[in-house]
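J.: One file: upload-v1.txt (compact mmCIF, C-alpha atoms).
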# COMPACT_ATOMS: atom_id res chain seq x y z
CA MET I 1 61.93 -18.37 -27.65
CA THR I 2 58.58 -18.42 -25.95
CA THR I 3 56.55 -15.25 -25.75
CA GLU I 4 53.98 -14.98 -22.99
CA VAL I 5 50.76 -13.66 -24.37
CA THR I 6 47.84 -12.62 -22.17
CA SER I 7 44.34 -11.98 -23.36
CA PRO I 8 42.35 -9.00 -22.18
CA PRO I 9 39.56 -9.84 -19.75
CA THR I 10 36.14 -10.34 -21.23
CA SER I 11 33.38 -8.75 -19.15
CA ALA I 12 30.24 -10.81 -18.62
CA SER I 13 28.47 -8.11 -16.59
CA PRO I 14 25.49 -6.42 -18.27
CA THR I 15 25.91 -2.84 -19.36
CA ALA I 16 23.77 0.03 -18.08
CA ARG I 17 21.78 -0.04 -21.32
CA GLN I 18 21.11 -3.75 -20.95
CA VAL I 19 20.00 -3.30 -17.33
CA TRP I 20 17.63 -0.50 -18.33
CA THR I 21 16.22 -2.53 -21.23
CA ARG I 22 15.48 -5.48 -18.96
CA SER I 23 14.09 -3.49 -16.03
CA ARG I 24 12.14 -0.69 -17.73
CA GLY I 25 8.94 -2.75 -17.78
CA VAL I 26 9.11 -3.36 -14.03
CA ALA I 27 10.02 0.28 -13.39
CA LEU I 28 7.07 1.47 -15.49
CA ALA I 29 4.72 -0.84 -13.58
CA LEU I 30 5.99 0.49 -10.23
CA VAL I 31 5.57 4.10 -11.38
CA LEU I 32 2.00 3.42 -12.51
CA LEU I 33 1.28 1.69 -9.19
CA VAL I 34 2.59 4.66 -7.19
CA VAL I 35 0.64 7.15 -9.34
CA ALA I 36 -2.55 5.11 -8.91
CA ALA I 37 -2.04 4.89 -5.14
CA VAL I 38 -1.50 8.65 -4.89
CA ALA I 39 -4.57 9.34 -7.04
CA ILE I 40 -6.73 7.05 -4.92
CA ALA I 41 -5.42 8.65 -1.72
CA VAL I 42 -6.17 12.13 -3.07
CA VAL I 43 -9.69 11.14 -4.11
CA ARG I 44 -10.39 9.50 -0.77
CA SER I 45 -8.89 12.44 1.07
CA ASP I 46 -11.11 14.88 -0.84
CA ALA I 47 -14.12 12.69 -0.15
CA ARG I 48 -13.46 12.74 3.61
CA HIS I 49 -12.38 16.36 3.86
CA GLY I 50 -14.71 18.36 6.07
CA ARG I 51 -16.75 15.39 7.29
CA LEU I 52 -18.90 16.48 10.24
CA ASP I 53 -17.26 19.91 10.07
CA PRO I 54 -19.77 22.72 10.74
CA ARG I 55 -17.74 24.98 8.44
CA SER I 56 -18.01 22.63 5.45
CA ALA I 57 -20.75 22.91 2.82
CA ALA I 58 -19.83 19.53 1.31
CA PRO I 59 -22.48 16.79 1.40
CA SER I 60 -20.67 15.15 4.32
CA GLY I 61 -20.17 18.46 6.16
CA SER I 62 -22.45 19.99 8.81
CA ARG I 63 -22.64 23.65 7.87
CA ALA I 64 -26.42 23.53 7.35
CA VAL I 65 -27.19 22.53 10.93
CA ALA I 66 -24.77 25.17 12.26
CA GLU I 67 -26.54 27.89 10.26
CA LEU I 68 -29.97 26.73 11.46
CA LEU I 69 -28.72 26.84 15.04
CA ALA I 70 -27.32 30.34 14.45
CA ASP I 71 -30.78 31.49 13.33
CA ARG I 72 -32.06 30.31 16.73
CA GLY I 73 -29.41 32.19 18.67
CA VAL I 74 -26.98 29.32 19.24
CA ASP I 75 -23.37 30.17 18.44
CA THR I 76 -21.07 27.38 17.21
CA ARG I 77 -17.34 27.23 17.89
CA VAL I 78 -15.02 24.59 16.42
CA VAL I 79 -12.14 23.23 18.54
CA THR I 80 -9.57 20.60 17.58
CA THR I 81 -7.75 19.89 20.84
CA LEU I 82 -8.85 18.16 24.01
CA ALA I 83 -7.65 21.05 26.17
CA GLU I 84 -9.98 23.48 24.38
CA ALA I 85 -12.90 21.04 24.60
CA ALA I 86 -12.38 20.42 28.32
CA ASP I 87 -12.09 24.15 29.09
CA ALA I 88 -15.30 24.89 27.17
CA ALA I 89 -17.47 22.47 29.19
CA GLY I 90 -20.03 24.36 31.26
CA PRO I 91 -23.75 24.56 32.18
CA ASP I 92 -24.60 26.82 29.21
CA THR I 93 -22.63 24.77 26.67
CA THR I 94 -23.32 21.74 24.51
CA LEU I 95 -20.11 19.87 23.72
CA LEU I 96 -20.30 17.72 20.58
CA VAL I 97 -17.51 15.16 20.08
CA ALA I 98 -17.46 14.22 16.40
CA VAL I 99 -15.24 11.12 16.46
CA PRO I 100 -14.79 9.87 20.05
CA ASP I 101 -12.97 6.72 18.96
CA LEU I 102 -9.99 8.83 17.83
CA LEU I 103 -9.25 9.70 21.45
CA THR I 104 -6.81 7.64 23.45
CA PRO I 105 -7.98 5.98 26.70
CA ARG I 106 -6.18 8.67 28.69
CA GLN I 107 -7.92 11.44 26.75
CA GLN I 108 -11.30 9.74 27.10
CA THR I 109 -10.89 9.64 30.87
CA ARG I 110 -9.88 13.29 30.95
CA LEU I 111 -12.86 14.29 28.82
CA ARG I 112 -15.22 12.35 31.07
CA THR I 113 -13.80 14.08 34.16
CA ALA I 114 -14.26 17.52 32.56
CA THR I 115 -17.89 16.96 31.50
CA GLU I 116 -19.55 14.76 34.13
CA ASP I 117 -20.11 17.60 36.65
CA SER I 118 -20.16 20.54 34.22
CA GLY I 119 -23.94 20.82 34.13
CA GLY I 120 -23.92 21.00 30.33
CA ARG I 121 -24.75 18.52 27.59
CA THR I 122 -22.25 16.22 25.90
CA VAL I 123 -23.16 14.72 22.52
CA LEU I 124 -21.08 11.74 21.41
CA VAL I 125 -21.46 10.94 17.70
CA ALA I 126 -21.08 7.25 16.82
CA SER I 127 -19.08 6.40 19.92
CA GLY I 128 -18.01 2.77 19.53
CA VAL I 129 -16.67 0.03 21.75
CA ALA I 130 -13.27 1.75 21.92
CA SER I 131 -14.62 4.84 23.71
CA VAL I 132 -18.18 4.51 25.05
CA GLU I 133 -17.40 2.56 28.24
CA ARG I 134 -14.91 5.21 29.41
CA LEU I 135 -16.91 8.22 28.32
CA VAL I 136 -20.23 6.94 29.69
CA PRO I 137 -19.72 4.29 32.36
CA GLY I 138 -22.58 1.83 32.48
CA VAL I 139 -23.23 2.01 28.72
CA MET I 140 -22.06 -0.62 26.25
CA ALA I 141 -21.91 -0.51 22.45
CA ASP I 142 -23.11 -3.57 20.57
CA PRO I 143 -20.57 -4.91 18.03
CA ALA I 144 -23.32 -5.33 15.40
CA ASN I 145 -24.72 -2.13 13.91
CA SER I 146 -28.33 -1.49 13.06
CA LEU I 147 -29.44 -2.90 9.72
CA ASP I 148 -31.94 -0.07 9.21
CA SER I 149 -30.98 3.58 8.82
CA THR I 150 -34.38 5.24 9.37
CA LEU I 151 -36.03 4.34 12.68
CA GLU I 152 -39.06 5.39 14.74
CA PRO I 153 -38.66 7.11 18.15
CA ASP I 154 -40.34 4.39 20.26
CA CYS I 155 -39.71 6.37 23.49
CA ASP I 156 -41.06 9.25 25.59
CA LEU I 157 -38.18 11.67 25.07
CA PRO I 158 -39.88 14.95 23.96
CA ALA I 159 -37.23 15.77 21.35
CA ALA I 160 -37.63 12.35 19.73
CA VAL I 161 -41.45 12.44 19.86
CA ARG I 162 -41.55 15.86 18.15
CA ALA I 163 -39.00 14.83 15.50
CA GLY I 164 -40.59 11.50 14.57
CA SER I 165 -38.66 9.11 12.38
CA ALA I 166 -34.98 9.96 11.86
CA ASP I 167 -31.78 8.49 10.42
CA THR I 168 -30.14 7.39 13.66
CA GLY I 169 -29.50 3.77 12.64
CA GLY I 170 -25.90 2.85 13.29
CA ILE I 171 -24.19 1.82 16.52
CA ARG I 172 -26.61 0.37 19.07
CA TYR I 173 -26.35 0.87 22.83
CA SER I 174 -27.49 -0.88 25.98
CA SER I 175 -27.56 0.93 29.32
CA ALA I 176 -27.62 0.00 32.98
CA HIS I 177 -28.87 3.48 33.97
CA PRO I 178 -32.50 3.30 35.20
CA ASP I 179 -33.25 6.92 34.19
CA ALA I 180 -31.76 6.73 30.69
CA ASP I 181 -34.01 7.46 27.70
CA GLU I 182 -33.58 4.76 25.05
CA CYS I 183 -34.93 5.86 21.66
CA TYR I 184 -34.92 4.73 18.04
CA ARG I 185 -34.52 1.08 18.90
CA SER I 186 -33.25 -1.53 16.53
CA HIS I 187 -33.84 -5.08 17.76
CA ARG I 188 -34.47 -3.76 21.30
CA LEU I 189 -31.22 -1.76 21.42
CA ALA I 190 -31.22 2.04 21.28
CA THR I 191 -29.46 4.06 18.61
CA LEU I 192 -30.12 7.28 20.55
CA LEU I 193 -29.48 7.21 24.28
CA LEU I 194 -29.79 10.11 26.74
CA VAL I 195 -28.09 9.49 30.10
CA PRO I 196 -28.65 12.09 32.88
CA ALA I 197 -25.63 13.16 34.91
CA PRO I 198 -25.32 11.63 38.40
CA SER I 199 -25.73 15.12 39.87
CA GLY I 200 -26.81 18.45 38.49
CA THR I 201 -28.64 19.26 35.27
CA GLY I 202 -26.16 17.91 32.76
CA ASP I 203 -26.60 14.89 30.51
CA THR I 204 -24.88 12.87 27.83
CA VAL I 205 -26.44 12.03 24.46
CA LEU I 206 -25.17 9.02 22.51
CA LEU I 207 -26.01 9.22 18.81
CA GLY I 208 -25.50 5.95 16.91
CA ALA I 209 -24.98 7.56 13.49
CA PRO I 210 -23.95 11.04 12.25
CA ASP I 211 -26.56 11.12 9.44
CA ILE I 212 -28.88 13.69 11.10
CA LEU I 213 -25.98 16.19 11.16
CA LEU I 214 -24.89 15.85 7.51
CA ASN I 215 -25.79 18.46 4.93
CA ASP I 216 -27.21 15.96 2.43
CA ARG I 217 -29.39 14.19 5.01
CA LEU I 218 -30.59 17.09 7.13
CA ASP I 219 -33.79 17.65 5.13
CA GLU I 220 -34.91 14.02 5.30
CA HIS I 221 -37.50 12.68 7.76
CA GLY I 222 -37.20 14.37 11.16
CA ASN I 223 -33.42 14.75 11.02
CA ALA I 224 -33.35 18.54 11.18
CA SER I 225 -35.82 18.69 14.08
CA LEU I 226 -33.94 16.10 16.10
CA ALA I 227 -30.53 17.72 15.43
CA LEU I 228 -31.72 21.20 16.40
CA GLN I 229 -33.32 19.96 19.61
CA LEU I 230 -30.31 17.91 20.69
CA LEU I 231 -27.77 20.64 19.90
CA GLY I 232 -29.84 23.74 20.66
CA SER I 233 -30.70 23.18 24.33
CA ARG I 234 -27.87 25.55 25.41
CA PRO I 235 -26.88 28.93 23.96
CA HIS I 236 -23.33 27.80 23.13
CA LEU I 237 -22.27 24.81 21.01
CA VAL I 238 -18.63 23.67 21.05
CA TRP I 239 -17.94 21.32 18.14
CA TYR I 240 -14.92 19.17 18.95
CA LEU I 241 -13.21 17.60 15.92
CA PRO I 242 -10.49 15.26 17.27
CA THR I 243 -7.45 14.86 15.05
CA PRO I 244 -4.71 12.19 14.97
CA ALA I 245 -2.17 14.87 15.94
CA ASP I 246 -4.18 15.77 19.03
CA ALA I 247 -4.59 12.08 19.88
CA THR I 248 -0.80 11.58 20.00
CA ALA I 249 0.22 14.88 21.60
CA GLY I 250 1.29 14.96 25.20
CA THR I 251 0.01 11.54 26.24
CA GLU I 252 1.85 8.62 27.77
CA ASP I 253 -0.20 6.10 25.82
CA GLU I 254 0.58 7.53 22.40
CA LYS I 255 -0.86 5.70 19.44
CA SER I 256 1.55 4.25 16.93
CA PHE I 257 1.33 4.73 13.19
CA PHE I 258 -0.40 1.36 12.82
CA ASP I 259 -2.99 2.31 15.47
CA LEU I 260 -4.02 5.28 13.35
CA LEU I 261 -4.48 3.24 10.19
CA PRO I 262 -8.03 2.02 9.49
CA SER I 263 -8.44 -1.70 10.10
CA GLY I 264 -9.36 -2.24 6.45
CA TRP I 265 -5.91 -1.11 5.30
CA LEU I 266 -4.20 -3.49 7.70
CA TRP I 267 -6.30 -6.44 6.55
CA GLY I 268 -5.76 -5.47 2.92
CA THR I 269 -1.97 -5.31 3.42
CA LEU I 270 -2.02 -8.72 5.12
CA GLN I 271 -3.97 -10.18 2.20
CA LEU I 272 -1.44 -8.72 -0.26
CA PHE I 273 1.43 -10.36 1.64
CA VAL I 274 -0.40 -13.70 1.64
CA ALA I 275 -1.10 -13.40 -2.09
CA ALA I 276 2.54 -12.49 -2.77
CA ALA I 277 3.74 -15.49 -0.74
CA LEU I 278 1.40 -17.84 -2.61
CA ALA I 279 2.53 -16.39 -5.95
CA ALA I 280 6.17 -16.85 -4.95
CA LEU I 281 5.55 -20.48 -4.02
CA TRP I 282 3.67 -21.02 -7.28
CA ARG I 283 6.38 -19.47 -9.45
CA ALA I 284 9.41 -20.59 -7.41
CA ARG I 285 11.83 -23.07 -8.91
CA ARG I 286 12.72 -26.23 -7.08
CA LEU I 287 15.63 -26.03 -4.68
CA GLY I 288 18.89 -27.95 -5.05
CA PRO I 289 21.47 -28.32 -7.83
CA LEU I 290 20.50 -28.49 -11.47
CA VAL I 291 19.98 -32.02 -12.77
CA PRO I 292 20.49 -32.72 -16.48
CA GLU I 293 17.53 -34.41 -18.13
CA LYS I 294 17.20 -36.04 -21.49
CA LEU I 295 15.06 -34.20 -23.99
CA PRO I 296 11.85 -36.00 -24.92
CA VAL I 297 12.51 -35.38 -28.63
CA ALA I 298 15.58 -35.10 -30.82
CA ILE I 299 16.52 -31.53 -31.73
CA ARG I 300 18.77 -30.77 -34.66
CA ALA I 301 22.05 -29.10 -33.87
CA SER I 302 21.29 -26.24 -36.26
CA GLU I 303 18.11 -25.40 -34.32
CA THR I 304 20.02 -25.37 -31.05
CA VAL I 305 22.66 -23.06 -32.53
CA GLU I 306 20.04 -20.71 -33.96
CA GLY I 307 18.13 -20.63 -30.68
CA ARG I 308 21.21 -19.80 -28.67
CA ALA I 309 22.25 -17.19 -31.23
CA ARG I 310 18.85 -15.49 -30.96
CA LEU I 311 19.17 -15.38 -27.16
CA TYR I 312 22.65 -13.85 -27.41
CA ARG I 313 21.40 -11.27 -29.90
CA LYS I 314 18.35 -10.38 -27.80
CA ALA I 315 20.57 -9.79 -24.77
CA ASP I 316 23.28 -7.96 -26.81
CA ALA I 317 25.72 -10.56 -25.45
CA ARG I 318 28.29 -10.32 -28.24
CA ASP I 319 31.08 -10.85 -25.72
CA ARG I 320 29.65 -14.21 -24.62
CA ALA I 321 28.93 -15.25 -28.20
CA ALA I 322 32.52 -14.44 -29.23
CA LEU I 323 33.85 -16.28 -26.19
CA ALA I 324 31.84 -19.38 -27.14
CA LEU I 325 33.10 -19.26 -30.76
CA ARG I 326 36.74 -18.80 -29.72
CA SER I 327 36.58 -21.48 -27.02
CA ALA I 328 35.14 -24.07 -29.41
CA THR I 329 37.74 -23.19 -32.08
CA ARG I 330 40.63 -23.53 -29.60
CA VAL I 331 39.33 -26.96 -28.48
CA ARG I 332 39.24 -28.19 -32.10
CA LEU I 333 42.60 -26.68 -33.04
CA ALA I 334 44.59 -28.02 -30.06
CA PRO I 335 44.77 -31.69 -31.16
CA LEU I 336 45.48 -30.62 -34.76
CA VAL I 337 48.67 -28.79 -33.73
CA GLY I 338 49.75 -31.34 -31.09
CA VAL I 339 48.70 -29.44 -27.95
CA PRO I 340 47.00 -31.39 -25.10
CA GLY I 341 43.34 -30.58 -24.58
CA THR I 342 44.03 -29.35 -21.05
CA GLN I 343 46.19 -26.55 -22.49
CA ALA I 344 43.89 -25.58 -25.35
CA HIS I 345 42.99 -22.29 -23.64
CA ALA I 346 46.54 -21.36 -22.65
CA PRO I 347 47.96 -18.82 -25.15
CA GLU I 348 51.58 -19.67 -24.28
CA ALA I 349 51.01 -23.30 -25.31
CA LEU I 350 48.57 -22.99 -28.22
CA LEU I 351 49.87 -19.96 -30.14
CA PRO I 352 53.49 -21.12 -30.80
CA ALA I 353 52.30 -24.51 -32.04
CA LEU I 354 49.64 -22.86 -34.17
CA SER I 355 52.05 -20.33 -35.72
CA ALA I 356 54.17 -23.19 -37.04
CA ARG I 357 51.22 -24.38 -39.13
CA LEU I 358 50.31 -21.01 -40.63
CA ASP I 359 51.86 -19.18 -43.55
CA GLY I 360 51.75 -15.76 -41.88
CA ASP I 361 48.96 -14.28 -43.99
CA GLY I 362 45.70 -13.03 -42.50
CA PRO I 363 44.81 -11.76 -39.01
CA SER I 364 46.97 -12.53 -36.01
CA PRO I 365 46.04 -15.83 -34.31
CA HIS I 366 46.27 -14.12 -30.95
CA THR I 367 43.72 -11.50 -31.96
CA LEU I 368 41.39 -14.14 -33.38
CA LEU I 369 41.56 -16.61 -30.50
CA PHE I 370 42.23 -14.37 -27.47
CA GLY I 371 41.33 -10.83 -28.58
CA PRO I 372 38.76 -8.38 -27.20
CA PRO I 373 35.02 -8.88 -27.80
CA PRO I 374 33.60 -7.43 -31.03
CA GLY I 375 31.96 -4.05 -30.85
CA ASP I 376 28.93 -4.75 -33.07
CA ASP I 377 27.08 -7.54 -34.86
CA ALA I 378 29.05 -7.05 -38.07
CA ALA I 379 32.34 -7.50 -36.21
CA LEU I 380 30.96 -10.66 -34.57
CA ILE I 381 30.03 -12.14 -37.97
CA ARG I 382 33.45 -11.22 -39.35
CA LEU I 383 35.10 -12.92 -36.36
CA ALA I 384 33.12 -16.12 -36.99
CA ASP I 385 34.22 -16.14 -40.64
CA GLN I 386 37.86 -15.55 -39.73
CA LEU I 387 37.83 -18.35 -37.13
CA ASP I 388 36.36 -20.71 -39.71
CA ALA I 389 39.04 -19.72 -42.24
CA LEU I 390 41.75 -20.23 -39.60
CA GLU I 391 40.53 -23.73 -38.82
CA ARG I 392 40.35 -24.67 -42.53
CA GLN I 393 43.90 -23.41 -43.02
CA VAL I 394 45.20 -25.58 -40.18
CA ARG I 395 43.33 -28.62 -41.41
CA ARG I 396 44.72 -28.16 -44.94
CA PRO I 397 47.25 -30.94 -45.64
Could you render the structure as structure tokens?
T.:
Amino acid sequence: MTTEVTSPPTSASPTARQVWTRSRGVALALVLLVVAAVAIAVVRSDARHGRLDPRSAAPSGSRAVAELLADRGVDTRVVTTLAEAADAAGPDTTLLVAVPDLLTPRQQTRLRTATEDSGGRTVLVASGVASVERLVPGVMADPANSLDSTLEPDCDLPAAVRAGSADTGGIRYSSAHPDADECYRSHRLATLLLVPAPSGTGDTVLLGAPDILLNDRLDEHGNASLALQLLGSRPHLVWYLPTPADATAGTEDEKSFFDLLPSGWLWGTLQLFVAAALAALWRARRLGPLVPEKLPVAIRASETVEGRARLYRKADARDRAALALRSATRVRLAPLVGVPGTQAHAPEALLPALSARLDGDGPSPHTLLFGPPPGDDAALIRLADQLDALERQVRRP
């Protein structure tokens, strides 16, 4: 009578503990990277908070100039939307735009329309190529900034002559307006440009750098004098601080997320992708099937066994180690009991022939050759000993 015996499946999938052990180093590195990125973002955010804000007493704020203007009877009002800035434009108002490049082309055109015939003064701080041509037609910003920060007036504008040297070095401008006052030149290009309005008493002032408005630079050179004269010509000062939210609200040409990112971040991300691709090519294995190669030196079988055993132990792969031991034992036992090698791993063929050669003592052959994987290292060692004893018993004449 033949009894069909089936062996329980042996799982080769790693357990949750094994997955955690292998991946905890990578997970820790990712956590540290995220924490570092958040810390850097917080530090940079704190460093930029309140920049050019007349309410901020930080070194990069502008509260000092606002208080000096208040002592001279000029009231300062902060606005953060284009609608408020456009409504405030008037003959008795100076409108300061802190970051004109944040405005979209549509907003720049609207701001120009609201200020060109208002009769007031518009001060554009560090208006670059992205905004100056729309806000002040006929004026162009040079792509190369001034190399010097502190410059001499070198013009006849009364405010510049009285102030003397000042920290206006930054963006440089060239103008096609014949009546424009070009001051604080750097290599023949002005870093302070005053353009009269086509009609009326209004004008537009282009300031190449915000340094004369900052708290930590106001007391240097003629910065305070120049700032007070440029911003104090009217009794009211409206300080417009554009924000990304305002730049994307209610416009047809809304900026995308990538448009709002500084160019340095985009270039840095691109460099990281290039570096990752190069690292992948450097560390990648060759494509195609594995090709066996002869070892350059002879390695003893005992060393190979020990090396593989250490790998199994490091990975807690007792199931695979037991499977290897049982498979090798079945291959050696099959010819000893008259079973073809092709059926060495079939319980219904190997076990009946093997039982005829055993005396019935000791563990069950089915458990030894086709049983479940051992639960710990001690059980694995015991299994190896029992398989060895089983093979010796079969080989015994």
J.: Hey, which of I:Thr168, I:Ser56, I:Asn145, I:Ser327 ends up closest to Val129 (chain I)? Count all atoms listed in the file.
T.: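 Checking each of I:Thr168, I:Ser56, I:Asn145, I:Ser327 against Val129 (chain I), counting all atoms listed in the file, the winner is I:Asn145.
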J.: At most 12 Å is the cut-off: for each residue in region 322-373 of chain I with any atom that close to an atom of region 306-318 of chain I, write down the nearest atom pair and the distance in Å rounded to one decimal, counting all atoms listed in the file, chain first then increasing number, as CSV.
T.:
residue,atom,partner,partner_atom,distance
I:Ala322,CA,I:Arg318,CA,6.0
I:Leu323,CA,I:Arg318,CA,8.4
I:Ala324,CA,I:Arg318,CA,9.8
I:Leu325,CA,I:Arg318,CA,10.5
I:Pro372,CA,I:Arg318,CA,10.7
I:Pro373,CA,I:Arg318,CA,6.9
J.: Nearest residue to Leu387 (chain I) out of I:Leu336, I:Ala328, I:Ala64, I:Ala353, using only C-alpha atoms?
T.: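 Distance minimum relative to Leu387 (chain I) lands on I:Ala328.
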J.: Each residue of region 63-177 of chain I lying at most 7 Å from region 208-223 of chain I should get a row with its shortest atom-to-atom pair and the distance in Å to one decimal, counting all atoms listed in the file; could you produce that, ordered by chain and increasing number, as JSON lines?
T.:
{"residue": "I:Arg63", "atom": "CA", "partner": "I:Asn215", "partner_atom": "CA", "distance": 6.7}
{"residue": "I:Ala64", "atom": "CA", "partner": "I:Asn215", "partner_atom": "CA", "distance": 5.7}
{"residue": "I:Val65", "atom": "CA", "partner": "I:Leu213", "partner_atom": "CA", "distance": 6.5}
{"residue": "I:Val125", "atom": "CA", "partner": "I:Pro210", "partner_atom": "CA", "distance": 6.0}
{"residue": "I:Ala126", "atom": "CA", "partner": "I:Gly208", "partner_atom": "CA", "distance": 4.6}
{"residue": "I:Ala163", "atom": "CA", "partner": "I:Gly222", "partner_atom": "CA", "distance": 4.7}
{"residue": "I:Gly164", "atom": "CA", "partner": "I:Gly222", "partner_atom": "CA", "distance": 5.6}
{"residue": "I:Ser165", "atom": "CA", "partner": "I:Gly222", "partner_atom": "CA", "distance": 5.6}
{"residue": "I:Ala166", "atom": "CA", "partner": "I:Gly222", "partner_atom": "CA", "distance": 5.0}
{"residue": "I:Asp167", "atom": "CA", "partner": "I:Asp211", "partner_atom": "CA", "distance": 5.9}
{"residue": "I:Thr168", "atom": "CA", "partner": "I:Ala209", "partner_atom": "CA", "distance": 5.2}
{"residue": "I:Gly169", "atom": "CA", "partner": "I:Ala209", "partner_atom": "CA", "distance": 6.0}
{"residue": "I:Gly170", "atom": "CA", "partner": "I:Gly208", "partner_atom": "CA", "distance": 4.8}
{"residue": "I:Ile171", "atom": "CA", "partner": "I:Gly208", "partner_atom": "CA", "distance": 4.4}
{"residue": "I:Arg172", "atom": "CA", "partner": "I:Gly208", "partner_atom": "CA", "distance": 6.1}
J.: Between CA of Leu124 (chain I) and CA of Trp265 (chain I), measure the distance and give it in Å to one decimal.
T.: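 Between CA of Leu124 (chain I) and CA of Trp265 (chain I) the gap works out to 25.6 Å.
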J.: Taking every listed atom of region 344-356 of chain I and adding 3 Å to each side, what centre and edge lengths in Å (one decimal) does the axis-aligned box have, as JSON?
T.:
{"center_x": 48.6, "center_y": -22.2, "center_z": -29.8, "size_x": 17.2, "size_y": 12.8, "size_z": 20.4}
